[in-house]
file my_file31.txt (compact mmCIF, C-alpha atoms and all ligand atoms)
# COMPACT_ATOMS: atom_id res chain seq x y z
CA MET A 253 53.44 106.72 -166.60
CA LYS A 254 56.29 104.71 -165.12
CA THR A 255 59.31 104.32 -167.41
CA PHE A 256 61.71 101.39 -167.12
CA ASN A 257 65.18 101.61 -168.66
CA ILE A 258 66.39 98.49 -170.41
CA ALA A 259 69.85 97.82 -171.85
CA ALA A 260 69.28 95.41 -174.74
CA LEU A 261 72.51 93.59 -175.63
CA ALA A 262 71.80 91.18 -178.48
CA GLY A 263 75.35 89.88 -178.94
CA ASP A 264 76.35 87.28 -181.51
CA GLY A 265 74.96 84.43 -183.60
CA ILE A 266 71.19 84.15 -183.26
CA GLY A 267 71.22 86.85 -180.55
CA PRO A 268 70.09 89.77 -182.76
CA GLU A 269 67.27 87.76 -184.38
CA VAL A 270 65.75 86.50 -181.16
CA MET A 271 66.25 89.88 -179.46
CA ALA A 272 64.23 91.56 -182.22
CA GLU A 273 61.31 89.23 -181.49
CA ALA A 274 61.52 89.83 -177.73
CA ILE A 275 61.42 93.60 -178.32
CA LYS A 276 58.45 93.14 -180.65
CA VAL A 277 56.58 91.29 -177.90
CA LEU A 278 57.61 93.82 -175.23
CA ARG A 279 56.24 96.64 -177.41
CA ALA A 280 52.91 94.82 -177.71
CA THR A 281 52.84 94.42 -173.93
CA GLU A 282 53.70 98.08 -173.34
CA LYS A 283 50.76 99.17 -175.47
CA LYS A 284 48.31 96.90 -173.75
CA PHE A 285 49.36 97.48 -170.11
CA GLY A 286 50.26 101.17 -170.23
CA PHE A 287 53.86 101.43 -169.06
CA LYS A 288 56.86 102.78 -170.89
CA LEU A 289 59.97 100.81 -171.76
CA ALA A 290 63.01 102.85 -172.77
CA ILE A 291 65.02 100.22 -174.65
CA THR A 292 68.59 101.09 -175.67
CA GLU A 293 70.56 98.62 -177.74
CA ALA A 294 74.34 98.23 -177.45
CA PRO A 295 76.98 95.82 -178.77
CA VAL A 296 78.46 93.00 -176.70
CA GLY A 297 80.50 89.87 -177.41
CA TRP A 298 82.14 89.64 -180.84
CA ALA A 299 79.81 92.43 -181.88
CA GLY A 300 81.47 94.52 -179.13
CA ILE A 301 84.94 93.49 -180.28
CA ASP A 302 84.10 94.45 -183.86
CA ALA A 303 82.49 97.77 -182.86
CA ALA A 304 84.81 98.92 -180.09
CA GLY A 305 87.66 96.45 -179.67
CA LYS A 306 86.30 94.80 -176.49
CA ALA A 307 83.72 92.12 -175.72
CA LEU A 308 82.22 94.48 -173.15
CA PRO A 309 82.80 98.00 -174.52
CA ASP A 310 83.01 100.75 -171.90
CA ALA A 311 79.94 102.46 -173.35
CA THR A 312 77.95 99.23 -173.10
CA LEU A 313 78.96 98.74 -169.46
CA ALA A 314 78.07 102.37 -168.72
CA LEU A 315 74.65 101.88 -170.31
CA CYS A 316 74.07 98.76 -168.18
CA LYS A 317 74.91 100.74 -165.04
CA GLN A 318 72.33 103.40 -165.90
CA SER A 319 69.63 100.84 -166.69
CA ASP A 320 67.04 99.11 -164.49
CA ALA A 321 67.69 95.74 -166.13
CA ILE A 322 69.75 94.07 -168.85
CA LEU A 323 68.06 92.04 -171.54
CA PHE A 324 70.82 89.91 -173.02
CA GLY A 325 70.98 87.75 -176.14
CA SER A 326 74.00 85.47 -176.29
CA VAL A 327 77.73 85.79 -176.92
CA GLY A 328 80.55 83.66 -178.25
CA LEU A 329 81.66 82.40 -181.66
CA PRO A 330 84.03 79.47 -181.08
CA ASP A 331 85.45 79.71 -184.62
CA ARG A 332 86.89 83.12 -183.84
CA ASP A 333 88.29 82.16 -180.41
CA PRO A 334 91.82 81.33 -181.61
CA THR A 335 92.23 84.92 -182.81
CA ILE A 336 92.33 86.44 -179.29
CA PRO A 337 93.67 85.54 -175.80
CA LYS A 338 91.25 83.47 -173.70
CA GLU A 339 90.78 86.26 -171.11
CA GLU A 340 89.38 88.52 -173.84
CA ARG A 341 86.85 86.05 -175.22
CA PRO A 342 83.21 87.07 -174.83
CA GLU A 343 82.22 84.31 -172.39
CA ARG A 344 84.76 85.51 -169.85
CA ALA A 345 85.22 89.18 -170.75
CA ALA A 346 81.53 89.97 -171.16
CA LEU A 347 79.21 87.37 -169.64
CA LEU A 348 81.17 86.30 -166.56
CA ARG A 349 82.36 89.88 -166.04
CA ILE A 350 78.78 91.22 -166.01
CA ARG A 351 77.69 88.48 -163.60
CA LYS A 352 80.48 89.42 -161.19
CA GLU A 353 80.34 93.19 -161.73
CA PHE A 354 76.62 93.37 -160.91
CA GLY A 355 76.71 90.71 -158.16
CA LEU A 356 74.22 88.50 -160.02
CA PHE A 357 74.49 85.53 -157.70
CA ALA A 358 71.08 83.95 -158.24
CA ASN A 359 70.28 82.33 -161.55
CA LEU A 360 66.74 81.05 -162.03
CA ARG A 361 66.07 78.65 -164.90
CA PRO A 362 62.47 77.47 -165.10
CA VAL A 363 61.94 74.35 -167.22
CA THR A 364 58.44 73.46 -168.25
CA LEU A 365 57.29 70.98 -170.83
CA PRO A 366 54.06 72.26 -172.35
CA LYS A 367 51.57 69.44 -172.94
CA ALA A 368 51.53 70.19 -176.67
CA LEU A 369 55.28 69.57 -176.86
CA ALA A 370 55.29 66.10 -175.30
CA HIS A 371 56.75 64.79 -178.59
CA ALA A 372 59.78 67.12 -178.28
CA CYS A 373 60.77 65.67 -174.89
CA PRO A 374 63.33 62.86 -175.21
CA LEU A 375 61.61 60.84 -172.48
CA ALA A 376 58.80 58.38 -173.09
CA LYS A 377 55.31 59.76 -172.35
CA GLU A 378 54.88 57.68 -169.20
CA ARG A 379 57.94 59.29 -167.64
CA GLN A 380 56.53 62.76 -168.29
CA GLY A 381 53.70 62.19 -165.82
CA ASN A 382 51.34 65.16 -165.67
CA GLY A 383 54.01 67.42 -167.09
CA ILE A 384 57.50 68.51 -166.18
CA ASP A 385 57.87 71.72 -164.21
CA ILE A 386 61.25 72.29 -162.58
CA LEU A 387 63.00 75.43 -161.41
CA VAL A 388 66.79 75.15 -161.39
CA VAL A 389 68.27 77.70 -158.97
CA ARG A 390 71.94 78.02 -159.82
CA GLU A 391 74.55 79.91 -157.80
CA LEU A 392 76.23 82.16 -160.36
CA THR A 393 79.16 84.12 -158.94
CA GLY A 394 81.12 81.53 -156.96
CA GLY A 395 82.52 78.04 -157.25
CA MET A 396 84.91 76.90 -159.97
CA TYR A 397 83.99 79.64 -162.39
CA PHE A 398 85.62 82.34 -160.29
CA GLY A 399 87.78 80.60 -157.66
CA GLN A 400 91.48 81.47 -157.52
CA PRO A 401 94.02 80.20 -158.38
CA LYS A 402 92.87 79.52 -161.91
CA LYS A 403 95.76 78.98 -164.29
CA THR A 404 97.80 76.74 -166.53
CA GLU A 405 101.53 76.57 -165.80
CA THR A 406 104.46 74.81 -167.38
CA LEU A 407 106.41 72.46 -165.12
CA ALA A 408 110.18 71.90 -165.11
CA ASP A 409 109.76 68.68 -167.10
CA GLY A 410 107.89 70.58 -169.82
CA GLN A 411 104.41 69.23 -169.21
CA GLN A 412 101.59 71.56 -168.33
CA ARG A 413 99.66 71.66 -165.09
CA THR A 414 96.24 73.23 -164.80
CA ILE A 415 94.28 74.44 -161.76
CA ASP A 416 90.70 75.55 -161.25
CA THR A 417 89.57 76.19 -157.70
CA MET A 418 86.15 75.45 -156.26
CA VAL A 419 85.50 77.84 -153.42
CA TYR A 420 82.41 78.83 -151.42
CA THR A 421 81.86 80.79 -148.24
CA THR A 422 79.00 80.16 -145.83
CA SER A 423 77.34 83.47 -146.68
CA GLU A 424 77.43 82.73 -150.41
CA ILE A 425 75.65 79.43 -149.79
CA GLU A 426 73.17 81.00 -147.38
CA ARG A 427 72.00 83.72 -149.76
CA ILE A 428 71.42 81.39 -152.71
CA ALA A 429 69.72 78.85 -150.42
CA ARG A 430 67.28 81.55 -149.25
CA VAL A 431 66.45 82.41 -152.87
CA ALA A 432 65.77 78.73 -153.55
CA PHE A 433 63.60 78.23 -150.45
CA LYS A 434 61.59 81.39 -151.22
CA SER A 435 61.10 80.20 -154.80
CA ALA A 436 59.89 76.82 -153.51
CA GLN A 437 57.39 78.54 -151.22
CA LEU A 438 55.78 80.09 -154.31
CA ARG A 439 55.65 76.69 -156.04
CA ARG A 440 55.09 73.13 -154.80
CA LYS A 441 57.20 73.65 -151.65
CA LYS A 442 59.80 71.02 -152.38
CA LEU A 443 63.52 71.71 -152.59
CA THR A 444 66.21 69.28 -153.71
CA SER A 445 69.71 70.47 -152.91
CA ILE A 446 72.42 69.09 -155.18
CA ASP A 447 75.98 68.52 -153.98
CA LYS A 448 78.90 66.12 -153.99
CA ALA A 449 79.24 65.85 -150.22
CA ASN A 450 80.63 62.31 -150.49
CA VAL A 451 83.80 63.65 -152.11
CA LEU A 452 84.11 67.44 -151.95
CA GLU A 453 84.72 69.69 -148.93
CA ASN A 454 82.54 72.18 -150.80
CA GLY A 455 79.74 69.63 -150.80
CA ILE A 456 79.91 69.12 -147.04
CA LEU A 457 79.67 72.84 -146.27
CA TRP A 458 76.94 73.19 -148.90
CA ARG A 459 74.83 70.45 -147.33
CA GLU A 460 75.33 71.67 -143.73
CA THR A 461 74.49 75.24 -144.66
CA VAL A 462 71.38 74.43 -146.70
CA THR A 463 70.15 72.16 -143.88
CA ARG A 464 70.55 75.00 -141.37
CA ILE A 465 68.77 77.56 -143.60
CA ALA A 466 65.90 75.09 -144.02
CA ARG A 467 64.85 75.85 -140.42
CA GLU A 468 63.78 79.32 -141.61
CA PHE A 469 61.40 77.66 -144.09
CA PRO A 470 59.54 74.91 -142.21
CA ASP A 471 56.84 74.76 -144.90
CA VAL A 472 59.34 73.60 -147.56
CA ALA A 473 60.33 69.92 -147.74
CA LEU A 474 64.10 69.60 -148.27
CA ASP A 475 66.02 66.65 -149.57
CA HIS A 476 69.63 66.27 -150.71
CA MET A 477 71.01 64.47 -153.72
CA PHE A 478 74.50 63.82 -155.00
CA VAL A 479 74.95 65.46 -158.38
CA ASP A 480 75.57 62.23 -160.27
CA ASN A 481 72.37 60.76 -158.93
CA GLY A 482 70.57 64.06 -159.63
CA ALA A 483 71.59 63.82 -163.29
CA MET A 484 70.24 60.29 -163.43
CA GLN A 485 67.03 61.08 -161.57
CA LEU A 486 66.29 63.86 -164.06
CA MET A 487 66.15 61.20 -166.75
CA LEU A 488 64.38 58.53 -164.72
CA LYS A 489 61.75 60.55 -162.86
CA PRO A 490 61.82 64.28 -163.57
CA THR A 491 58.38 64.76 -162.03
CA GLN A 492 59.88 64.25 -158.54
CA PHE A 493 61.57 67.68 -158.77
CA ASP A 494 60.14 71.07 -157.92
CA VAL A 495 63.12 73.34 -157.16
CA MET A 496 66.70 72.10 -157.64
CA LEU A 497 69.38 74.12 -155.85
CA CYS A 498 72.86 73.84 -157.37
CA GLU A 499 76.28 75.41 -157.05
CA ASN A 500 77.57 77.17 -160.17
CA MET A 501 79.01 74.37 -162.29
CA PHE A 502 76.56 71.65 -161.28
CA GLY A 503 73.77 74.11 -162.13
CA ASP A 504 75.30 74.82 -165.53
CA ILE A 505 75.31 71.14 -166.38
CA LEU A 506 71.98 70.11 -164.86
CA SER A 507 70.12 73.09 -166.32
CA ASP A 508 71.09 72.05 -169.85
CA GLU A 509 70.01 68.52 -169.10
CA ALA A 510 66.73 69.74 -167.65
CA ALA A 511 66.22 72.04 -170.66
CA ALA A 512 66.19 69.04 -172.95
CA LEU A 513 63.24 67.73 -170.94
CA GLY A 514 61.41 70.98 -171.66
CA GLY A 515 61.55 70.18 -175.36
CA SER A 516 64.47 72.34 -176.41
CA LEU A 517 67.19 74.59 -175.06
CA GLY A 518 65.49 77.19 -177.25
CA MET A 519 62.63 77.27 -174.76
CA LEU A 520 64.64 77.92 -171.59
CA PRO A 521 64.71 81.49 -170.24
CA SER A 522 66.78 82.64 -167.31
CA ALA A 523 66.94 85.41 -164.77
CA SER A 524 70.16 86.34 -163.01
CA LEU A 525 69.46 88.44 -159.97
CA GLY A 526 71.50 90.43 -157.51
CA ALA A 527 70.53 91.60 -154.05
CA THR A 528 67.22 93.46 -153.67
CA THR A 529 67.85 97.04 -152.57
CA GLY A 530 65.13 99.56 -151.81
CA GLY A 531 62.51 97.15 -153.12
CA THR A 532 64.06 96.79 -156.57
CA THR A 533 66.13 93.94 -157.95
CA PHE A 534 68.62 94.58 -160.69
CA GLY A 535 68.54 91.69 -163.07
CA PHE A 536 70.08 90.22 -166.16
CA TYR A 537 67.81 88.20 -168.43
CA GLU A 538 69.04 85.83 -171.08
CA PRO A 539 68.12 82.64 -172.89
CA ALA A 540 70.14 79.75 -171.48
CA GLY A 541 71.06 78.43 -174.95
CA GLY A 542 74.02 79.70 -176.89
CA THR A 543 74.65 81.67 -180.09
CA ALA A 544 73.94 78.69 -182.39
CA PRO A 545 76.19 80.06 -185.19
CA ASP A 546 75.15 77.21 -187.52
CA ILE A 547 71.60 78.58 -187.82
CA ALA A 548 72.33 82.29 -187.30
CA GLY A 549 70.84 84.77 -189.77
CA LYS A 550 68.51 82.20 -191.34
CA ASN A 551 65.26 82.95 -189.52
CA LEU A 552 65.44 79.46 -187.98
CA ALA A 553 66.12 80.11 -184.29
CA ASN A 554 63.45 79.65 -181.65
CA PRO A 555 62.85 83.09 -180.07
CA ILE A 556 60.79 81.71 -177.17
CA ALA A 557 63.64 81.54 -174.62
CA GLN A 558 64.43 85.20 -175.31
CA ILE A 559 60.77 86.20 -175.14
CA LEU A 560 60.23 84.30 -171.88
CA SER A 561 63.38 85.93 -170.50
CA SER A 562 61.80 89.31 -171.13
CA ALA A 563 58.73 88.14 -169.19
CA LEU A 564 61.00 87.24 -166.27
CA MET A 565 62.45 90.76 -166.49
CA LEU A 566 59.01 92.36 -166.23
CA ARG A 567 58.22 90.20 -163.20
CA HIS A 568 61.46 90.17 -161.21
CA SER A 569 62.91 93.62 -161.91
CA PHE A 570 59.82 95.74 -162.63
CA GLY A 571 57.09 93.99 -160.63
CA LEU A 572 54.85 93.92 -163.73
CA ASN A 573 53.33 90.55 -162.91
CA ASP A 574 50.26 90.82 -165.14
CA ALA A 575 52.28 91.79 -168.19
CA ALA A 576 54.75 88.94 -167.51
CA ALA A 577 51.89 86.46 -167.22
CA ALA A 578 50.40 87.83 -170.46
CA ILE A 579 53.64 87.07 -172.32
CA GLU A 580 53.77 83.55 -170.88
CA ALA A 581 50.14 82.98 -171.84
CA ALA A 582 50.79 84.29 -175.37
CA VAL A 583 53.69 81.85 -175.74
CA ALA A 584 51.47 78.98 -174.60
CA LYS A 585 48.78 80.10 -177.06
CA ALA A 586 51.22 80.27 -179.98
CA ILE A 587 52.39 76.74 -179.17
CA ASP A 588 48.87 75.43 -178.76
CA ALA A 589 48.02 76.91 -182.17
CA GLY A 590 50.69 74.63 -183.68
CA ASN A 591 53.48 77.13 -184.37
CA ARG A 592 56.80 75.26 -184.36
CA THR A 593 60.34 76.40 -185.04
CA GLY A 594 62.65 73.63 -186.29
CA ASP A 595 63.87 72.61 -182.82
CA ILE A 596 60.35 71.69 -181.64
CA PHE A 597 58.91 70.56 -184.95
CA SER A 598 57.99 66.97 -185.63
CA PRO A 599 56.59 65.92 -189.01
CA VAL A 600 54.35 63.34 -187.35
CA GLU A 601 52.61 65.88 -185.12
CA ALA A 602 49.13 66.65 -186.41
CA GLY A 603 48.43 70.36 -186.88
CA ALA A 604 52.08 71.40 -186.50
CA LYS A 605 53.09 74.34 -188.66
CA ARG A 606 56.78 74.92 -189.25
CA VAL A 607 57.52 78.63 -188.78
CA GLY A 608 60.56 80.89 -188.67
CA THR A 609 61.90 83.12 -185.92
CA ARG A 610 59.90 86.16 -187.08
CA GLU A 611 56.66 84.28 -187.59
CA MET A 612 56.90 82.81 -184.08
CA GLY A 613 57.48 86.32 -182.70
CA ASP A 614 54.52 87.66 -184.68
CA ALA A 615 52.24 84.90 -183.38
CA ILE A 616 53.25 85.61 -179.78
CA ALA A 617 52.97 89.41 -180.14
CA ALA A 618 49.51 88.97 -181.66
CA GLY A 619 48.47 86.91 -178.63
CA ILE A 620 49.24 89.62 -176.07
C1 LIG A 701 75.28 79.29 -169.36
C2 LIG A 701 76.44 79.17 -170.33
C3 LIG A 701 77.63 79.93 -169.77
C4 LIG A 701 78.00 79.32 -168.44
C5 LIG A 701 78.85 79.98 -170.71
C6 LIG A 701 78.49 80.54 -172.07
C7 LIG A 701 80.00 80.73 -170.11
O1 LIG A 701 76.73 77.85 -170.58
O2 LIG A 701 74.89 80.43 -169.04
O3 LIG A 701 74.80 78.26 -168.90
O4 LIG A 701 78.74 78.33 -168.41
O5 LIG A 701 77.56 79.84 -167.41
MG MG A 702 75.39 76.49 -169.70

call {"tool": "encode", "arguments": {"input": "my_file31.txt", "output": "structure tokens"}}
result
Amino acid sequence: MKTFNIAALAGDGIGPEVMAEAIKVLRATEKKFGFKLAITEAPVGWAGIDAAGKALPDATLALCKQSDAILFGSVGLPDRDPTIPKEERPERAALLRIRKEFGLFANLRPVTLPKALAHACPLAKERQGNGIDILVVRELTGGMYFGQPKKTETLADGQQRTIDTMVYTTSEIERIARVAFKSAQLRRKKLTSIDKANVLENGILWRETVTRIAREFPDVALDHMFVDNGAMQLMLKPTQFDVMLCENMFGDILSDEAAALGGSLGMLPSASLGATTGGTTFGFYEPAGGTAPDIAGKNLANPIAQILSSALMLRHSFGLNDAAAAIEAAVAKAIDAGNRTGDIFSPVEAGAKRVGTREMGDAIAAGI
């Protein structure tokens, strides 16, 4: 029986609670489909700082390197930030470091609004059309997040001056564009590339490069949109989008906006992938929402984003397509049966049953 090694890093806030539900569902899947998952848990984020003095403890990094994939919860507790230098905070020292260290340049964030959750979408029903189904493909290791120089300096007159640098090379744009075109080929074959080519040098190179790569994918229809218009179009007519290709920061912003259309950030999974070598793709799988400290430890968080992230892991890193589809179907079934965590609950919805994190996980595991 094939064994897959998973590093499970739950992190902070709601991370441990939603991770427990994802592991519960993975165990149900393992039983049914006959593969073996060797899941090893390790601390990261503030949990890493508390356990070993660092947001990404050496032992946790070593475990990740020996694993076939990383299943990640979430990190960061803003209240504790002032107690350590900004370079040591979990977002930079753990999350961004892992993205860079493992070359995870392609971030896939699929947003779907299930029919049963139409009420949880902030848009009027007529704007939802036959349902919203968008894949945001976000470049994850370039742009402003990593560009140098990046610093705050004090000028002679005493005021401060701050610099972040947006930088992309042709090859960085080419490889993420290919991921986006290939993703579109498996969907509705439409790609919208987002840029700010009317202002930024980065935008001009982005647009030229994506246009050139499009010739390799003649079956995909490509259009371009400035990011400000893209943000507006998401609100006005989200059904026009199939795949949206974004550089790092634009993708960060638009994927949160798109997530709201899917009913809740608590529903949005993500896959961060590196290059495929020898037929396997190392990947990092995490919910796109944060640690939600205000509801942590109360059995209130929606575990669906974490559970769907584990489905993406089975598909993209292990090639277990049937098992991944079974998890997605079980999530749909649990929603159709009326199970609602607080973020997707509406008192006016007939048949809705308000449930906690564990009960949602139980319902999904039972549906495998
Ligand atoms: C995300 C998050 C991160 C990002 C933060 C926590 C650093 O917002 O994954 O979207 O900005 O990439
Ligand atoms: Mg974000």

call {"tool": "residues_near_ligand", "arguments": {"input": "my_file31.txt", "ligand": "ligand LIG 701 (chain A)", "cutoff": "6 Å", "atoms": "all atoms listed in the file", "output": "PyMOL selection string"}}
result
chain A and resi 343+504+540

call {"tool": "write_last_selection", "arguments": {"input": "my_file31.txt", "atoms": "C-alpha atoms", "output": "compact mmCIF listing (two decimals), in the coordinates of the input"}}
result
# COMPACT_ATOMS: atom_id res chain seq x y z
CA GLU A 343 82.22 84.31 -172.39
CA ASP A 504 75.30 74.82 -165.53
CA ALA A 540 70.14 79.75 -171.48

call {"tool": "residues_near_ligand", "arguments": {"input": "my_file31.txt", "ligand": "ligand MG 702 (chain A)", "cutoff": "10 Å", "atoms": "only C-alpha atoms and all ligand atoms", "output": "list in words"}}
result
Asn500, Met501, Phe502, Gly503, Asp504, Ile505, Leu506, Ser507, Asp508, Glu509, Leu517, Ala540, Gly541 and Gly542 of chain A

call {"tool": "closest_residue", "arguments": {"input": "my_file31.txt", "among": "A:Arg344, A:Arg351, A:Arg379, A:His476", "to": "A:Glu460", "atoms": "all atoms listed in the file"}}
result
A:His476

call {"tool": "closest_residue", "arguments": {"input": "my_file31.txt", "among": "A:Lys489, A:Arg332, A:Arg413, A:Arg610", "to": "A:Asn551", "atoms": "only C-alpha atoms"}}
result
A:Arg610

call {"tool": "residues_around", "arguments": {"input": "my_file31.txt", "residues": "A:Ile415", "least_positions_apart": "2", "cutoff": "12 Å", "atoms": "only C-alpha atoms", "output": "short mmCIF file (atom, residue, chain, number, x, y, z; two decimals) with C-alpha atoms, in the coordinates of the input"}}
result
data_model
loop_
_atom_site.label_atom_id
_atom_site.label_comp_id
_atom_site.auth_asym_id
_atom_site.auth_seq_id
_atom_site.Cartn_x
_atom_site.Cartn_y
_atom_site.Cartn_z
CA MET A 396 84.91 76.90 -159.97
CA TYR A 397 83.99 79.64 -162.39
CA PHE A 398 85.62 82.34 -160.29
CA GLY A 399 87.78 80.60 -157.66
CA GLN A 400 91.48 81.47 -157.52
CA PRO A 401 94.02 80.20 -158.38
CA LYS A 402 92.87 79.52 -161.91
CA LYS A 403 95.76 78.98 -164.29
CA THR A 404 97.80 76.74 -166.53
CA GLU A 405 101.53 76.57 -165.80
CA THR A 406 104.46 74.81 -167.38
CA GLN A 412 101.59 71.56 -168.33
CA ARG A 413 99.66 71.66 -165.09
CA THR A 417 89.57 76.19 -157.70
CA MET A 418 86.15 75.45 -156.26
#

call {"tool": "atom_distance", "arguments": {"input": "my_file31.txt", "atom1": "atom CA of A:Cys316", "atom2": "atom CA of A:Ala260"}}
result
8.8 Å

call {"tool": "residues_around", "arguments": {"input": "my_file31.txt", "residues": "stretch 451-454 of chain A", "least_positions_apart": "5", "cutoff": "12 Å", "atoms": "all atoms listed in the file", "output": "list in words"}}
result
Gly394, Gly395, Met396, Thr417, Met418, Val419, Tyr420, Thr421, Thr422, Glu424, Ile425, Ile446, Arg459, Glu460, Thr461, Phe478, Val479, Asp480, Cys498, Glu499 and Asn500 of chain A

call {"tool": "closest_residue", "arguments": {"input": "my_file31.txt", "among": "A:Gln558, A:Ser569, A:Ser319, A:Ser435", "to": "A:Thr529", "atoms": "only C-alpha atoms"}}
result
A:Ser569

call {"tool": "residues_around", "arguments": {"input": "my_file31.txt", "residues": "A:Ile258", "least_positions_apart": "2", "cutoff": "9 Å", "atoms": "all atoms listed in the file", "output": "count of residues only"}}
result
15

call {"tool": "atom_distance", "arguments": {"input": "my_file31.txt", "atom1": "atom CA of A:Gln380", "atom2": "atom CA of A:Arg592"}}
result
20.4 Å

call {"tool": "residues_around", "arguments": {"input": "my_file31.txt", "residues": "A:Gly590", "least_positions_apart": "2", "cutoff": "10 Å", "atoms": "only C-alpha atoms", "output": "list in words"}}
result
Ala368, Leu369, Lys585, Ala586, Ile587, Asp588, Arg592, Thr593, Phe597, Glu601, Ala602, Gly603, Ala604, Lys605, Arg606 and Val607 of chain A

call {"tool": "residues_around", "arguments": {"input": "my_file31.txt", "residues": "A:Ala553", "least_positions_apart": "4", "cutoff": "9 Å", "atoms": "all atoms listed in the file", "output": "ChimeraX atom specification"}}
result
/A:266,269-270,518,544,547-549,593-595,608-609

call {"tool": "write_last_selection", "arguments": {"input": "my_file31.txt", "atoms": "C-alpha atoms", "output": "CSV table (one decimal), in the coordinates of the input"}}
result
chain,number,residue,atom,x,y,z
A,266,ILE,CA,71.2,84.2,-183.3
A,269,GLU,CA,67.3,87.8,-184.4
A,270,VAL,CA,65.8,86.5,-181.2
A,518,GLY,CA,65.5,77.2,-177.2
A,544,ALA,CA,73.9,78.7,-182.4
A,547,ILE,CA,71.6,78.6,-187.8
A,548,ALA,CA,72.3,82.3,-187.3
A,549,GLY,CA,70.8,84.8,-189.8
A,593,THR,CA,60.3,76.4,-185.0
A,594,GLY,CA,62.6,73.6,-186.3
A,595,ASP,CA,63.9,72.6,-182.8
A,608,GLY,CA,60.6,80.9,-188.7
A,609,THR,CA,61.9,83.1,-185.9

call {"tool": "residues_near_point", "arguments": {"input": "my_file31.txt", "point": "(73.2, 82.7, -160.7)", "cutoff": "7 Å", "atoms": "only C-alpha atoms", "output": "ChimeraX atom specification"}}
result
/A:356-360,390-393,524-525

call {"tool": "atom_distance", "arguments": {"input": "my_file31.txt", "atom1": "atom CA of A:Gly526", "atom2": "atom CA of A:Pro539"}}
result
17.6 Å

call {"tool": "closest_residue", "arguments": {"input": "my_file31.txt", "among": "A:Gly300, A:Pro599, A:Gly535, A:Pro545", "to": "A:Arg567", "atoms": "only C-alpha atoms"}}
result
A:Gly535

call {"tool": "residues_near_point", "arguments": {"input": "my_file31.txt", "point": "(63.6, 85.3, -179.3)", "cutoff": "10 Å", "atoms": "all atoms listed in the file", "output": "compact mmCIF listing (two decimals) with C-alpha atoms, in the coordinates of the input"}}
result
# COMPACT_ATOMS: atom_id res chain seq x y z
CA ILE A 266 71.19 84.15 -183.26
CA GLY A 267 71.22 86.85 -180.55
CA PRO A 268 70.09 89.77 -182.76
CA GLU A 269 67.27 87.76 -184.38
CA VAL A 270 65.75 86.50 -181.16
CA MET A 271 66.25 89.88 -179.46
CA ALA A 272 64.23 91.56 -182.22
CA GLU A 273 61.31 89.23 -181.49
CA ALA A 274 61.52 89.83 -177.73
CA ILE A 275 61.42 93.60 -178.32
CA LYS A 276 58.45 93.14 -180.65
CA VAL A 277 56.58 91.29 -177.90
CA GLY A 325 70.98 87.75 -176.14
CA GLY A 518 65.49 77.19 -177.25
CA MET A 519 62.63 77.27 -174.76
CA PRO A 521 64.71 81.49 -170.24
CA GLU A 538 69.04 85.83 -171.08
CA PRO A 539 68.12 82.64 -172.89
CA ALA A 553 66.12 80.11 -184.29
CA ASN A 554 63.45 79.65 -181.65
CA PRO A 555 62.85 83.09 -180.07
CA ILE A 556 60.79 81.71 -177.17
CA ALA A 557 63.64 81.54 -174.62
CA GLN A 558 64.43 85.20 -175.31
CA ILE A 559 60.77 86.20 -175.14
CA LEU A 560 60.23 84.30 -171.88
CA SER A 561 63.38 85.93 -170.50
CA SER A 562 61.80 89.31 -171.13
CA THR A 609 61.90 83.12 -185.92
CA ARG A 610 59.90 86.16 -187.08
CA MET A 612 56.90 82.81 -184.08
CA GLY A 613 57.48 86.32 -182.70
